[in-house]
Amino acid sequence: MTKYLDPITNSLKLIGGKWKVPIIYNLRTGPVRFGELKRILSPITQQMLTKQLREMERDQLIDRKVFEVIPPKVEYSLTPFGQSLNPVLDSWCKWGTENQTLIQTIFDDNLA
């Protein structure tokens with residue numbers, strides 16, 4: 001049993017890291033095939049994408065649907081639990097858009 005931590009820490013245990021939020025973001029509008037996710041998330045490796053998707057499936061954030069065709073077709077979609085992150089992502093996108101100029105300035109200053 002996992003020890004109770006604060007809500008932010010618990011949330012980040014599920015969606016933290018470099019790839020999980022972008023995966024969730026790209027599944028918001030409906031099912032996406034593995035190859036399409038890999039293309040959208042380039043330069044993610046196939047191994048890393050597979051690992052992240054398995055963890056997210058285990059954590060009930062996404063569903064994996066296998067179609068019995070040749071070649072095999074697999075689609076990923078958000079579960080209702082995963083979809084419950086949509087308002088958070090909407091707010092995050094709004095914040096990023098409203099602060100785009102400052103964020104770009106910070107990035108530019110860090111590269112100098």
# chains A, B, ... in the order shown; residues from 1 in each chain; ligands from 1
>>> select_by_dssp(residues="chain A", states="helix (DSSP H, G or I)", output="MDAnalysis selection string")
chainID A and resid 7:15 20:27 34:40 46:58 80:83 86:98 100:111
>>> closest_atom_pairs(of="segment 59-100 of chain A", to="segment 33-36 of chain A", cutoff="7 Å", atoms="only C-alpha atoms", output="tab-separated table")
residue	atom	partner	partner_atom	distance
A:Val74	CA	A:Arg33	CA	5.7
A:Glu75	CA	A:Arg33	CA	4.3
A:Tyr76	CA	A:Arg33	CA	6.2
>>> closest_residue(among="A:Leu102, A:Ala112, A:Leu78, A:Leu37", to="Met56 of chain A", atoms="only C-alpha atoms")
A:Leu78
>>> atom_distance(atom1="atom CA of Asp63 of chain A", atom2="atom CA of Gln83 of chain A")
11.2 Å
>>> residues_around(residues="Cys93 of chain A", least_positions_apart="5", cutoff="12 Å", atoms="only C-alpha atoms", output="tab-separated table (two decimals) with N, CA and C atoms, in the first residue's frame")
chain	number	residue	atom	x	y	z
A	21	VAL	N	2.52	13.64	-19.89
A	21	VAL	CA	1.58	14.74	-20.17
A	21	VAL	C	1.41	14.94	-21.67
A	22	PRO	N	2.51	14.95	-22.47
A	22	PRO	CA	2.30	15.06	-23.91
A	22	PRO	C	1.49	13.89	-24.50
A	25	TYR	N	-2.10	14.65	-23.56
A	25	TYR	CA	-2.56	15.78	-24.37
A	25	TYR	C	-2.95	15.31	-25.77
A	86	ASN	N	-8.46	16.60	-18.41
A	86	ASN	CA	-8.69	17.61	-19.45
A	86	ASN	C	-8.81	19.03	-18.91
A	87	PRO	N	-9.56	19.28	-17.84
A	87	PRO	CA	-9.62	20.66	-17.32
A	87	PRO	C	-8.25	21.17	-16.85
A	88	VAL	N	-7.45	20.28	-16.31
A	88	VAL	CA	-6.09	20.66	-15.88
A	88	VAL	C	-5.26	21.05	-17.10
A	98	GLU	N	-1.06	32.55	-22.34
A	98	GLU	CA	-1.06	33.89	-21.76
A	98	GLU	C	0.35	34.37	-21.40
A	99	ASN	N	1.25	33.45	-21.14
A	99	ASN	CA	2.61	33.80	-20.71
A	99	ASN	C	3.67	33.44	-21.76
A	100	GLN	N	3.23	33.23	-22.99
A	100	GLN	CA	4.12	32.77	-24.05
A	100	GLN	C	5.34	33.68	-24.24
>>> select_by_dssp(residues="chain A", states="strand (DSSP E or B)", output="PyMOL selection string")
chain A and resi 32-33+62-67+73-78
>>> write_last_selection(atoms="N, CA, C and O atoms", output="tab-separated table (two decimals), in the first residue's frame")
chain	number	residue	atom	x	y	z
A	32	VAL	N	-5.68	7.14	-30.71
A	32	VAL	CA	-4.52	7.36	-31.58
A	32	VAL	C	-3.73	6.06	-31.65
A	32	VAL	O	-3.53	5.39	-30.64
A	33	ARG	N	-3.27	5.73	-32.85
A	33	ARG	CA	-2.46	4.53	-33.04
A	33	ARG	C	-1.04	4.75	-32.54
A	33	ARG	O	-0.55	5.88	-32.48
A	62	ILE	N	-5.05	5.24	-19.45
A	62	ILE	CA	-5.35	4.99	-20.86
A	62	ILE	C	-5.85	3.56	-21.05
A	62	ILE	O	-5.61	2.68	-20.22
A	63	ASP	N	-6.56	3.38	-22.15
A	63	ASP	CA	-6.99	2.06	-22.60
A	63	ASP	C	-6.20	1.69	-23.83
A	63	ASP	O	-5.88	2.56	-24.65
A	64	ARG	N	-5.94	0.41	-23.99
A	64	ARG	CA	-5.25	-0.12	-25.16
A	64	ARG	C	-6.21	-1.08	-25.85
A	64	ARG	O	-6.71	-2.02	-25.24
A	65	LYS	N	-6.48	-0.81	-27.12
A	65	LYS	CA	-7.39	-1.66	-27.89
A	65	LYS	C	-6.62	-2.28	-29.05
A	65	LYS	O	-6.03	-1.57	-29.85
A	66	VAL	N	-6.61	-3.61	-29.09
A	66	VAL	CA	-5.92	-4.35	-30.14
A	66	VAL	C	-6.94	-4.84	-31.15
A	66	VAL	O	-7.94	-5.47	-30.78
A	67	PHE	N	-6.70	-4.55	-32.42
A	67	PHE	CA	-7.55	-5.02	-33.50
A	67	PHE	C	-6.89	-6.24	-34.12
A	67	PHE	O	-5.71	-6.21	-34.46
A	73	LYS	N	-3.05	-3.84	-35.39
A	73	LYS	CA	-3.38	-2.43	-35.19
A	73	LYS	C	-3.71	-2.24	-33.71
A	73	LYS	O	-4.51	-2.99	-33.16
A	74	VAL	N	-3.08	-1.26	-33.08
A	74	VAL	CA	-3.32	-0.97	-31.67
A	74	VAL	C	-3.65	0.51	-31.54
A	74	VAL	O	-2.95	1.36	-32.11
A	75	GLU	N	-4.70	0.81	-30.82
A	75	GLU	CA	-5.08	2.20	-30.56
A	75	GLU	C	-5.08	2.45	-29.06
A	75	GLU	O	-5.41	1.56	-28.27
A	76	TYR	N	-4.74	3.66	-28.70
A	76	TYR	CA	-4.74	4.08	-27.31
A	76	TYR	C	-5.74	5.22	-27.15
A	76	TYR	O	-5.86	6.08	-28.03
A	77	SER	N	-6.44	5.22	-26.02
A	77	SER	CA	-7.39	6.28	-25.73
A	77	SER	C	-7.39	6.53	-24.22
A	77	SER	O	-6.93	5.69	-23.44
A	78	LEU	N	-7.90	7.68	-23.84
A	78	LEU	CA	-7.99	8.00	-22.42
A	78	LEU	C	-9.17	7.27	-21.77
A	78	LEU	O	-10.24	7.17	-22.37
>>> closest_residue(among="A:Ser91, A:Thr45, A:Ser84, A:Thr79", to="Gly30 of chain A", atoms="only C-alpha atoms")
A:Thr79
>>> closest_residue(among="A:Asp59, A:Lys94, A:Arg54, A:Asn26", to="Asn10 of chain A", atoms="only C-alpha atoms")
A:Asp59
>>> closest_residue(among="A:Ile8, A:Leu41, A:Ile15, A:Ile106", to="Gln60 of chain A", atoms="only C-alpha atoms")
A:Ile15
>>> atom_distance(atom1="atom CA of Thr50 of chain A", atom2="atom CA of Lys38 of chain A")
9.6 Å
>>> closest_residue(among="A:Ile44, A:Leu12, A:Leu5, A:Leu53", to="Leu27 of chain A", atoms="only C-alpha atoms")
A:Leu53
